[in-house]
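J.: Pasting run39.txt below, which is compact mmCIF, C-alpha atoms.
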```
# COMPACT_ATOMS: atom_id res chain seq x y z
CA MET E 1 193.34 180.01 241.86
CA ALA E 2 195.21 176.78 242.37
CA ARG E 3 195.62 175.63 245.95
CA TRP E 4 199.27 175.98 246.93
CA GLU E 5 201.19 172.75 247.08
CA PRO E 6 204.89 172.42 247.69
CA ASN E 7 205.56 170.41 244.59
CA ALA E 8 205.15 171.93 241.13
CA ARG E 9 205.13 168.52 239.44
CA GLN E 10 202.25 167.33 241.57
CA ARG E 11 200.34 170.61 241.11
CA LEU E 12 200.68 170.24 237.35
CA GLU E 13 199.59 166.63 237.53
CA ARG E 14 196.48 167.46 239.54
CA ALA E 15 195.61 170.36 237.25
CA ALA E 16 196.06 168.22 234.14
CA LEU E 17 193.92 165.36 235.45
CA ALA E 18 191.18 167.79 236.47
CA LEU E 19 191.17 169.38 233.00
CA PHE E 20 191.35 166.03 231.17
CA THR E 21 188.34 164.92 233.22
CA GLU E 22 186.38 168.14 232.67
CA HIS E 23 187.11 168.86 228.99
CA GLY E 24 188.64 165.67 227.63
CA TYR E 25 192.28 164.84 226.97
CA ASP E 26 192.38 166.12 223.38
CA ALA E 27 190.75 169.46 224.16
CA THR E 28 193.18 170.31 226.97
CA THR E 29 196.30 172.37 226.18
CA VAL E 30 199.57 172.67 228.09
CA ALA E 31 198.88 176.41 228.53
CA GLU E 32 195.58 175.60 230.26
CA ILE E 33 197.25 173.04 232.53
CA ALA E 34 199.96 175.51 233.58
CA ASP E 35 197.35 178.22 234.10
CA ARG E 36 195.14 175.98 236.25
CA ALA E 37 198.19 175.04 238.34
CA GLY E 38 199.16 178.72 238.73
CA LEU E 39 202.44 178.05 236.95
CA THR E 40 203.99 178.90 233.58
CA LYS E 41 204.28 176.80 230.45
CA SER E 42 208.04 176.77 230.82
CA THR E 43 207.65 175.27 234.30
CA PHE E 44 205.41 172.63 232.78
CA PHE E 45 208.07 171.75 230.23
CA ARG E 46 210.73 171.47 232.93
CA HIS E 47 208.68 168.59 234.38
CA PHE E 48 207.01 166.95 231.39
CA ALA E 49 207.89 166.59 227.69
CA ASP E 50 204.20 166.91 226.74
CA LYS E 51 200.73 166.44 228.19
CA ARG E 52 200.81 162.71 227.55
CA GLU E 53 203.78 162.38 229.88
CA VAL E 54 201.63 163.67 232.74
CA LEU E 55 199.79 160.35 232.48
CA PHE E 56 202.75 158.08 231.77
CA GLY E 57 205.83 159.76 233.26
CA GLY E 58 205.41 157.70 236.44
CA GLN E 59 206.12 154.51 234.51
CA ASP E 60 209.85 155.23 234.39
CA LEU E 61 209.87 155.53 238.16
CA LEU E 62 207.95 152.28 238.41
CA THR E 63 210.30 150.44 236.06
CA GLY E 64 213.21 151.68 238.16
CA LEU E 65 211.59 150.50 241.41
CA PHE E 66 210.83 147.06 239.96
CA THR E 67 214.22 146.43 238.43
CA GLU E 68 216.19 147.79 241.38
CA ALA E 69 214.25 145.57 243.81
CA ILE E 70 214.99 142.52 241.68
CA ARG E 71 218.66 143.45 241.44
CA ALA E 72 218.94 144.05 245.19
CA ALA E 73 217.14 140.87 246.34
CA PRO E 74 219.44 138.56 248.32
CA PRO E 75 221.29 135.84 246.38
CA SER E 76 219.11 133.19 248.00
CA ALA E 77 215.89 134.79 246.72
CA THR E 78 213.91 132.64 244.29
CA THR E 79 212.34 134.09 241.15
CA ALA E 80 209.00 134.28 242.98
CA ASP E 81 210.71 136.12 245.86
CA CYS E 82 212.02 138.63 243.35
CA LEU E 83 208.51 139.28 242.03
CA ALA E 84 207.25 139.80 245.57
CA ALA E 85 210.11 142.20 246.31
CA ALA E 86 209.43 144.14 243.09
CA LEU E 87 205.76 144.58 243.95
CA GLN E 88 206.57 145.67 247.49
CA ALA E 89 209.02 148.25 246.12
CA ALA E 90 206.39 149.57 243.71
CA ALA E 91 204.31 150.60 246.71
CA ALA E 92 206.54 153.70 246.96
CA ALA E 93 204.70 155.03 243.89
CA PHE E 94 201.23 154.32 245.33
CA THR E 95 201.06 156.27 248.55
CA PRO E 96 197.71 157.22 250.12
CA ASP E 97 198.11 160.91 249.11
CA ARG E 98 198.12 159.82 245.46
CA HIS E 99 195.08 157.63 245.80
CA ASP E 100 192.55 160.19 244.58
CA LEU E 101 194.50 160.75 241.33
CA ALA E 102 194.37 157.11 240.28
CA PRO E 103 190.67 156.76 239.37
CA GLN E 104 190.88 160.00 237.36
CA ARG E 105 193.93 158.74 235.48
CA ARG E 106 192.27 155.42 234.75
CA ALA E 107 189.09 157.10 233.50
CA VAL E 108 191.02 159.44 231.17
CA ILE E 109 192.95 156.53 229.66
CA ALA E 110 189.86 154.31 229.34
CA ALA E 111 188.13 157.02 227.28
CA HIS E 112 190.88 157.33 224.66
CA SER E 113 192.13 154.53 222.40
CA GLU E 114 195.55 156.07 221.73
CA LEU E 115 196.17 156.35 225.47
CA GLN E 116 195.06 152.76 225.98
CA GLU E 117 197.66 151.68 223.42
CA ARG E 118 200.29 153.68 225.27
CA GLU E 119 199.28 151.96 228.52
CA LEU E 120 199.59 148.51 226.91
CA LEU E 121 202.98 149.45 225.52
CA LYS E 122 204.22 150.69 228.87
CA ARG E 123 203.19 147.41 230.46
CA ALA E 124 204.97 145.46 227.73
CA ARG E 125 208.10 147.54 228.42
CA LEU E 126 207.79 146.95 232.14
CA ALA E 127 207.65 143.19 231.46
CA SER E 128 210.69 143.51 229.23
CA ALA E 129 212.66 145.41 231.91
CA MET E 130 211.72 142.81 234.55
CA THR E 131 212.75 140.00 232.19
CA GLN E 132 216.18 141.61 231.80
CA ALA E 133 216.54 142.07 235.56
CA LEU E 134 215.63 138.43 236.26
CA ARG E 135 218.02 137.18 233.57
CA ALA E 136 220.78 139.28 235.09
CA ARG E 137 220.30 137.24 238.28
CA GLY E 138 220.75 134.01 236.36
CA ALA E 139 217.15 133.02 235.51
CA ASP E 140 216.88 131.34 232.13
CA ASP E 141 215.14 133.34 229.43
CA THR E 142 211.85 131.43 229.41
CA THR E 143 211.43 131.47 233.19
CA ALA E 144 212.35 135.17 233.28
CA ARG E 145 209.74 136.02 230.64
CA LEU E 146 207.03 133.98 232.30
CA ALA E 147 207.81 135.43 235.74
CA ALA E 148 207.84 138.97 234.34
CA GLU E 149 204.41 138.47 232.75
CA ILE E 150 203.05 137.15 236.02
CA GLY E 151 204.64 140.10 237.85
CA VAL E 152 203.11 142.66 235.49
CA LEU E 153 199.74 140.95 235.71
CA ALA E 154 199.93 140.98 239.52
CA PHE E 155 200.88 144.63 239.34
CA SER E 156 198.07 145.66 237.01
CA THR E 157 195.50 143.68 238.99
CA ALA E 158 196.75 145.25 242.23
CA TYR E 159 196.81 148.74 240.74
CA ALA E 160 193.20 148.45 239.55
CA ARG E 161 192.09 147.27 243.01
CA TRP E 162 194.13 149.89 244.83
CA ALA E 163 192.77 152.64 242.54
CA ALA E 164 189.12 151.78 243.21
CA PRO E 165 187.56 154.90 244.76
CA ASP E 166 186.37 153.08 247.89
CA ASN E 167 189.60 151.19 248.54
CA LEU E 168 191.33 151.82 251.87
CA GLN E 169 193.79 148.91 251.85
CA PRO E 170 197.48 149.76 251.28
CA PHE E 171 199.07 148.80 247.97
CA THR E 172 201.54 146.37 249.60
CA GLU E 173 198.78 144.13 250.97
CA ILE E 174 196.76 144.21 247.77
CA ALA E 175 199.81 143.43 245.65
CA ASP E 176 200.90 140.57 247.88
CA ALA E 177 197.45 138.97 247.69
CA ALA E 178 197.31 139.44 243.91
CA LEU E 179 200.67 137.76 243.44
CA ARG E 180 199.80 134.80 245.67
CA ASP E 181 196.51 134.40 243.83
CA LEU E 182 198.28 134.33 240.46
CA GLN E 183 200.87 131.88 241.73
CA ALA E 184 198.11 129.51 242.86
CA ARG E 185 196.37 129.78 239.49
CA ALA E 186 199.66 129.26 237.65
CA THR E 187 200.09 125.99 239.54
CA THR E 188 196.62 124.87 238.52
CA LEU E 189 197.12 125.81 234.88
CA GLY E 190 200.53 124.17 234.85
CA ALA E 191 199.22 120.94 236.30
CA ASP E 192 196.23 120.89 233.97
CA SER E 193 196.69 117.53 232.29
CA GLY E 194 193.63 117.40 230.04
CA HIS E 195 196.01 119.14 227.63
CA GLU E 196 197.13 115.84 225.99
CA LEU E 197 193.74 115.40 224.35
CA LEU E 198 193.99 118.40 222.09
CA ALA E 199 197.67 119.21 221.87
CA GLN E 200 198.73 116.20 219.86
CA PRO E 201 198.30 116.23 216.10
CA ALA E 202 195.23 114.16 215.21
CA SER E 203 196.07 110.49 214.76
CA PRO E 204 193.95 107.41 214.09
CA LYS E 205 192.38 106.09 217.26
CA MET A 206 211.07 140.95 186.87
CA ALA A 207 208.97 139.50 189.66
CA ARG A 208 208.57 135.74 189.58
CA TRP A 209 204.95 134.89 188.83
CA GLU A 210 202.97 133.69 191.83
CA PRO A 211 199.25 133.00 191.89
CA ASN A 212 198.57 135.26 194.84
CA ALA A 213 198.94 139.03 194.56
CA ARG A 214 198.97 139.47 198.33
CA GLN A 215 201.85 137.07 198.76
CA ARG A 216 203.76 138.60 195.81
CA LEU A 217 203.41 142.02 197.42
CA GLU A 218 204.52 140.65 200.76
CA ARG A 219 207.62 139.03 199.32
CA ALA A 220 208.50 142.15 197.33
CA ALA A 221 208.04 144.38 200.39
CA LEU A 222 210.18 142.18 202.65
CA ALA A 223 212.92 142.02 200.02
CA LEU A 224 212.94 145.82 199.68
CA PHE A 225 212.74 146.44 203.45
CA THR A 226 215.75 144.13 203.83
CA GLU A 227 217.71 145.73 200.97
CA HIS A 228 216.98 149.42 201.53
CA GLY A 229 215.44 149.64 204.99
CA TYR A 230 211.81 150.00 205.99
CA ASP A 231 211.70 153.81 205.99
CA ALA A 232 213.33 154.19 202.58
CA THR A 233 210.91 151.81 200.83
CA THR A 234 207.79 153.24 199.14
CA VAL A 235 204.53 151.54 198.23
CA ALA A 236 205.23 152.37 194.56
CA GLU A 237 208.52 150.47 194.73
CA ILE A 238 206.85 147.48 196.39
CA ALA A 239 204.14 147.32 193.73
CA ASP A 240 206.77 147.73 190.99
CA ARG A 241 208.96 144.95 192.39
CA ALA A 242 205.91 142.68 192.57
CA GLY A 243 204.97 143.53 188.99
CA LEU A 244 201.66 145.00 190.19
CA THR A 245 200.12 148.45 190.52
CA LYS A 246 199.84 150.72 193.54
CA SER A 247 196.07 150.35 193.45
CA THR A 248 196.45 146.57 193.68
CA PHE A 249 198.70 147.12 196.70
CA PHE A 250 196.02 149.24 198.37
CA ARG A 251 193.38 146.60 197.73
CA HIS A 252 195.41 144.26 199.97
CA PHE A 253 197.09 146.56 202.51
CA ALA A 254 196.23 149.90 204.08
CA ASP A 255 199.90 150.91 204.10
CA LYS A 256 203.37 149.37 204.06
CA ARG A 257 203.27 148.71 207.79
CA GLU A 258 200.31 146.42 207.32
CA VAL A 259 202.46 144.16 205.15
CA LEU A 260 204.31 143.29 208.35
CA PHE A 261 201.35 143.20 210.72
CA GLY A 262 198.27 142.36 208.64
CA GLY A 263 198.69 138.67 209.52
CA GLN A 264 197.96 139.42 213.16
CA ASP A 265 194.24 139.80 212.50
CA LEU A 266 194.22 136.33 210.94
CA LEU A 267 196.14 135.02 213.93
CA THR A 268 193.77 136.60 216.44
CA GLY A 269 190.87 135.06 214.57
CA LEU A 270 192.48 131.59 214.58
CA PHE A 271 193.24 131.80 218.31
CA THR A 272 189.85 133.03 219.43
CA GLU A 273 187.88 130.71 217.15
CA ALA A 274 189.82 127.68 218.41
CA ILE A 275 189.08 128.67 222.01
CA ARG A 276 185.41 129.20 221.19
CA ALA A 277 185.14 125.87 219.38
CA ALA A 278 186.93 123.72 221.98
CA PRO A 279 184.60 121.09 223.50
CA PRO A 280 182.74 122.01 226.70
CA SER A 281 184.94 119.57 228.66
CA ALA A 282 188.15 121.34 227.58
CA THR A 283 190.13 122.89 230.42
CA THR A 284 191.71 126.34 230.11
CA ALA A 285 195.05 124.68 229.32
CA ASP A 286 193.34 122.58 226.63
CA CYS A 287 192.03 125.78 225.10
CA LEU A 288 195.54 127.24 224.93
CA ALA A 289 196.80 124.09 223.26
CA ALA A 290 193.94 124.19 220.75
CA ALA A 291 194.63 127.88 219.99
CA LEU A 292 198.31 127.21 219.31
CA GLN A 293 197.49 124.25 217.09
CA ALA A 294 195.04 126.40 215.13
CA ALA A 295 197.69 129.12 214.70
CA ALA A 296 199.77 126.65 212.72
CA ALA A 297 197.56 127.43 209.72
CA ALA A 298 199.39 130.78 209.51
CA PHE A 299 202.86 129.19 209.70
CA THR A 300 203.02 126.79 206.80
CA PRO A 301 206.37 125.62 205.36
CA ASP A 302 205.99 127.81 202.25
CA ARG A 303 205.98 130.89 204.50
CA HIS A 304 209.02 129.82 206.46
CA ASP A 305 211.55 131.83 204.45
CA LEU A 306 209.60 135.08 205.02
CA ALA A 307 209.72 134.86 208.79
CA PRO A 308 213.43 135.59 209.43
CA GLN A 309 213.21 138.59 207.06
CA ARG A 310 210.17 139.92 208.86
CA ARG A 311 211.82 139.50 212.24
CA ALA A 312 215.00 141.24 211.08
CA VAL A 313 213.07 144.22 209.66
CA ILE A 314 211.14 144.67 212.91
CA ALA A 315 214.23 144.23 215.11
CA ALA A 316 215.96 147.07 213.25
CA HIS A 317 213.19 149.63 213.85
CA SER A 318 211.96 150.83 217.22
CA GLU A 319 208.54 151.98 216.00
CA LEU A 320 207.92 148.55 214.47
CA GLN A 321 209.04 146.87 217.69
CA GLU A 322 206.42 148.92 219.54
CA ARG A 323 203.80 147.86 217.06
CA GLU A 324 204.80 144.20 217.58
CA LEU A 325 204.49 144.58 221.37
CA LEU A 326 201.11 146.20 220.95
CA LYS A 327 199.85 143.46 218.65
CA ARG A 328 200.87 140.85 221.20
CA ALA A 329 199.09 142.77 223.94
CA ARG A 330 195.98 142.82 221.74
CA LEU A 331 196.28 139.13 221.05
CA ALA A 332 196.42 138.50 224.81
CA SER A 333 193.39 140.71 225.26
CA ALA A 334 191.41 138.83 222.57
CA MET A 335 192.33 135.47 224.14
CA THR A 336 191.30 136.76 227.58
CA GLN A 337 187.88 137.66 226.18
CA ALA A 338 187.51 134.27 224.49
CA LEU A 339 188.43 132.39 227.68
CA ARG A 340 186.04 134.51 229.75
CA ALA A 341 183.29 133.80 227.26
CA ARG A 342 183.77 130.10 228.11
CA GLY A 343 183.31 130.83 231.80
CA ALA A 344 186.90 131.29 233.02
CA ASP A 345 187.16 133.91 235.75
CA ASP A 346 188.91 137.13 234.76
CA THR A 347 192.21 136.49 236.58
CA THR A 348 192.62 132.95 235.27
CA ALA A 349 191.70 134.10 231.77
CA ARG A 350 194.30 136.88 231.84
CA LEU A 351 197.02 134.62 233.19
CA ALA A 352 196.24 131.87 230.69
CA ALA A 353 196.20 134.38 227.82
CA GLU A 354 199.64 135.71 228.82
CA ILE A 355 200.99 132.17 228.97
CA GLY A 356 199.42 131.44 225.58
CA VAL A 357 200.93 134.52 223.95
CA LEU A 358 204.32 133.74 225.51
CA ALA A 359 204.12 130.17 224.21
CA PHE A 360 203.18 131.56 220.81
CA SER A 361 206.00 134.10 220.64
CA THR A 362 208.57 131.57 221.85
CA ALA A 363 207.32 129.07 219.29
CA TYR A 364 207.27 131.63 216.50
CA ALA A 365 210.88 132.64 217.18
CA ARG A 366 211.98 128.97 217.13
CA TRP A 367 209.96 128.16 214.05
CA ALA A 368 211.32 131.23 212.23
CA ALA A 369 214.97 130.29 212.83
CA PRO A 370 216.52 129.89 209.37
CA ASP A 371 217.72 126.34 210.03
CA ASN A 372 214.47 125.09 211.60
CA LEU A 373 212.76 122.17 209.87
CA GLN A 374 210.28 121.20 212.62
CA PRO A 375 206.60 122.03 211.98
CA PHE A 376 205.02 124.85 214.00
CA THR A 377 202.53 122.50 215.73
CA GLU A 378 205.29 120.43 217.37
CA ILE A 379 207.31 123.47 218.40
CA ALA A 380 204.26 125.23 219.84
CA ASP A 381 203.16 122.17 221.76
CA ALA A 382 206.60 121.79 223.34
CA ALA A 383 206.75 125.51 224.17
CA LEU A 384 203.37 125.40 225.92
CA ARG A 385 204.26 122.29 227.93
CA ASP A 386 207.53 123.87 228.95
CA LEU A 387 205.77 127.05 230.14
CA GLN A 388 203.17 125.02 232.03
CA ALA A 389 205.93 123.15 233.87
CA ARG A 390 207.67 126.43 234.75
CA ALA A 391 204.39 127.98 235.85
CA THR A 392 203.95 125.09 238.29
CA THR A 393 207.44 125.68 239.70
CA LEU A 394 206.92 129.43 240.03
CA GLY A 395 203.52 128.91 241.58
CA ALA A 396 204.83 126.43 244.14
CA ASP A 397 207.84 128.60 244.95
CA SER A 398 207.41 129.01 248.68
CA GLY A 399 210.47 131.10 249.50
CA HIS A 400 208.04 133.92 248.70
CA GLU A 401 206.93 134.35 252.33
CA LEU A 402 210.30 135.75 253.30
CA LEU A 403 210.05 138.86 251.22
CA ALA A 404 206.39 139.31 250.50
CA GLN A 405 205.34 140.16 254.01
CA PRO A 406 205.84 143.68 255.31
CA ALA A 407 208.88 143.70 257.59
CA SER A 408 207.96 142.80 261.14
CA PRO A 409 210.01 142.16 264.30
CA LYS A 410 211.31 138.59 264.41
```
Could you show the structure in this file as structure tokens?

T.:
Amino acid sequence: MARWEPNARQRLERAALALFTEHGYDATTVAEIADRAGLTKSTFFRHFADKREVLFGGQDLLTGLFTEAIRAAPPSATTADCLAAALQAAAAAFTPDRHDLAPQRRAVIAAHSELQERELLKRARLASAMTQALRARGADDTTARLAAEIGVLAFSTAYARWAAPDNLQPFTEIADAALRDLQARATTLGADSGHELLAQPASPK
Amino acid sequence: MARWEPNARQRLERAALALFTEHGYDATTVAEIADRAGLTKSTFFRHFADKREVLFGGQDLLTGLFTEAIRAAPPSATTADCLAAALQAAAAAFTPDRHDLAPQRRAVIAAHSELQERELLKRARLASAMTQALRARGADDTTARLAAEIGVLAFSTAYARWAAPDNLQPFTEIADAALRDLQARATTLGADSGHELLAQPASPK
């Protein structure tokens, strides 16, 4: 029934996303996913702890790509360079052959509040891992946290654009543009000097 | 046994934090909290859905203070002004009489991975609510998301500093300094031009 593919993990992933889309996430069982993929339940459990991990298992890979790229950036790299390197490295997880899975995954998550929470949490963990990696290079804690938030925001913006059904642009280009855009906006927000008017405790004028 | 206090909610909160600190979060029951506060279980459940809400119930108040301050800022306020106004408004939740509860709360959460996840999630929701409020004022989506992340980061930095046991500075001053500091760093990160070196796909030089 299932089209043969060399990789059991990817067959299971495709089968799961198809079933989540057709019948809903809650109504889909692991047995049905394995069956649709032409594999056994025990094969499923060699690849995923549960059906939720089909949607979120890739985040560990992504965290690894991000943190390793930051670690491996040359000593002269600035914090912004490290973000750019991390986003470029993430492209390994967003190859053209995976493009058709992304809109399905996003739709399944958008339809389910518990999965949305899991997605938020994974992003918070990604930011936390990037913060650690930047601190390990000598960035102070506040700069590391700010840079990590900007990096995750660039990533999530880029992922949403890359995952759009009609997108043909590679992830690297989209991510690079998203990061530059955020850097420009960060400069504007940082330089925004109207701030004084409201930030001070009220005092007689 | 419990010292009389005018406010049942605050008595329950103090009793719960004392018990979480003494016996651990998991080992503490609602009945014990009510008993320590000199109140009944049904009074507890009029104020909190469960014991976890004792730790996180304040976040709804905080989200309300943040979003209302952004909504109410004058039409001339910049996005950065709105962040400053939101942080100043949040000070209403961090009055000196609550200062001794904060280190306890932080210690309970730090000791428990499920509670840490809940804290991350609440911050992600706070960012999301601020994004909506900034968009409602006409900020574009990317600027609103970036500003909200900077606002939440300023808030969490300020909260940690305010909650330090030896801190005597009011929340407003700490939050204002934290936001200015982040704005300055955002400018530096944004202007960081080493970026080009790594962000472009490798090409022959």

J.: Excluding Val235 in chain A and residues on its chain fewer than 3 positions from it, collect all residues at most 10 Å away from it, counting all atoms listed in the file, and give them as a compact mmCIF listing (two decimals) with C-alpha atoms, in the coordinates of the input.

T.:
```
# COMPACT_ATOMS: atom_id res chain seq x y z
CA LEU A 217 203.41 142.02 197.42
CA ALA A 221 208.04 144.38 200.39
CA ILE A 238 206.85 147.48 196.39
CA ALA A 239 204.14 147.32 193.73
CA ASP A 240 206.77 147.73 190.99
CA ARG A 241 208.96 144.95 192.39
CA THR A 245 200.12 148.45 190.52
CA LYS A 246 199.84 150.72 193.54
CA SER A 247 196.07 150.35 193.45
CA PHE A 249 198.70 147.12 196.70
CA PHE A 250 196.02 149.24 198.37
CA PHE A 253 197.09 146.56 202.51
CA ASP A 255 199.90 150.91 204.10
CA LYS A 256 203.37 149.37 204.06
```

J.: Quick one: residues within 8 Å of range 147-157 of chain E, all atoms listed in the file counted, chain neighbours fewer than 6 positions away excluded, as a count of residues only?

T.: 18

J.: Using all atoms listed in the file, determine which residues lie at most 12 Å from Arg330 in chain A, disregarding the query and same-chain residues fewer than 6 positions distant; provide the list as a PyMOL selection string.

T.: (chain E and resi 116-117+119-121+124) or (chain A and resi 264-265+267-269+271-272+323-324+336-337+350+353-354+357)

J.: By how many Å are CA of Leu61 in chain E and CA of Ala93 in chain E apart?

T.: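 A separation of 7.7 Å between them.
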
J.: Could you write out as a compact mmCIF listing (two decimals) with C-alpha atoms, keeping the file's coordinate frame the residues of chain A within 7 Å of chain E, counting all atoms listed in the file?

T.:
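Output contents, as saved in selection_27.txt:
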```
# COMPACT_ATOMS: atom_id res chain seq x y z
CA THR A 283 190.13 122.89 230.42
CA ALA A 285 195.05 124.68 229.32
CA ASP A 286 193.34 122.58 226.63
CA ALA A 289 196.80 124.09 223.26
CA ALA A 290 193.94 124.19 220.75
CA GLN A 293 197.49 124.25 217.09
CA GLU A 322 206.42 148.92 219.54
CA LEU A 325 204.49 144.58 221.37
CA LEU A 326 201.11 146.20 220.95
CA ALA A 329 199.09 142.77 223.94
CA THR A 348 192.62 132.95 235.27
CA GLU A 354 199.64 135.71 228.82
CA ASP A 381 203.16 122.17 221.76
CA GLN A 388 203.17 125.02 232.03
CA ALA A 389 205.93 123.15 233.87
CA ARG A 390 207.67 126.43 234.75
CA ALA A 391 204.39 127.98 235.85
CA THR A 392 203.95 125.09 238.29
CA LEU A 394 206.92 129.43 240.03
CA GLY A 395 203.52 128.91 241.58
CA ALA A 396 204.83 126.43 244.14
CA ASP A 397 207.84 128.60 244.95
CA GLY A 399 210.47 131.10 249.50
CA HIS A 400 208.04 133.92 248.70
CA LEU A 403 210.05 138.86 251.22
CA ALA A 404 206.39 139.31 250.50
```

J.: Determine, counting only C-alpha atoms, which protein, DNA and RNA residues have an atom within 12 Å of an atom of Arg98 in chain E; residues of the same chain fewer than 5 positions away are not included. Present the result as a ChimeraX atom specification.

T.: /E:10-11,13-14,58,91-93,103-105,162-163,165,170-171

J.: Would you write out those residues with C-alpha atoms, as an mmCIF file, keeping the file's coordinate frame?

T.:
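Output saved as part_11.cif:
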```
data_model
loop_
_atom_site.group_PDB
_atom_site.id
_atom_site.type_symbol
_atom_site.label_atom_id
_atom_site.label_comp_id
_atom_site.auth_asym_id
_atom_site.auth_seq_id
_atom_site.Cartn_x
_atom_site.Cartn_y
_atom_site.Cartn_z
ATOM 1 C CA GLN E 10 202.250 167.330 241.570
ATOM 2 C CA ARG E 11 200.340 170.610 241.110
ATOM 3 C CA GLU E 13 199.590 166.630 237.530
ATOM 4 C CA ARG E 14 196.480 167.460 239.540
ATOM 5 C CA GLY E 58 205.410 157.700 236.440
ATOM 6 C CA ALA E 91 204.310 150.600 246.710
ATOM 7 C CA ALA E 92 206.540 153.700 246.960
ATOM 8 C CA ALA E 93 204.700 155.030 243.890
ATOM 9 C CA PRO E 103 190.670 156.760 239.370
ATOM 10 C CA GLN E 104 190.880 160.000 237.360
ATOM 11 C CA ARG E 105 193.930 158.740 235.480
ATOM 12 C CA TRP E 162 194.130 149.890 244.830
ATOM 13 C CA ALA E 163 192.770 152.640 242.540
ATOM 14 C CA PRO E 165 187.560 154.900 244.760
ATOM 15 C CA PRO E 170 197.480 149.760 251.280
ATOM 16 C CA PHE E 171 199.070 148.800 247.970
#
```

J.: Provide the CA of Leu101 in chain E to CA of Leu55 in chain E distance in Å, to one decimal place.

T.: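 Interatomic distance here is 10.3 Å.
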
J.: Which distance in Å separates CA of Asp371 in chain A and CA of Glu319 in chain A, to one decimal?

T.: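 Those two atoms sit 27.9 Å apart.
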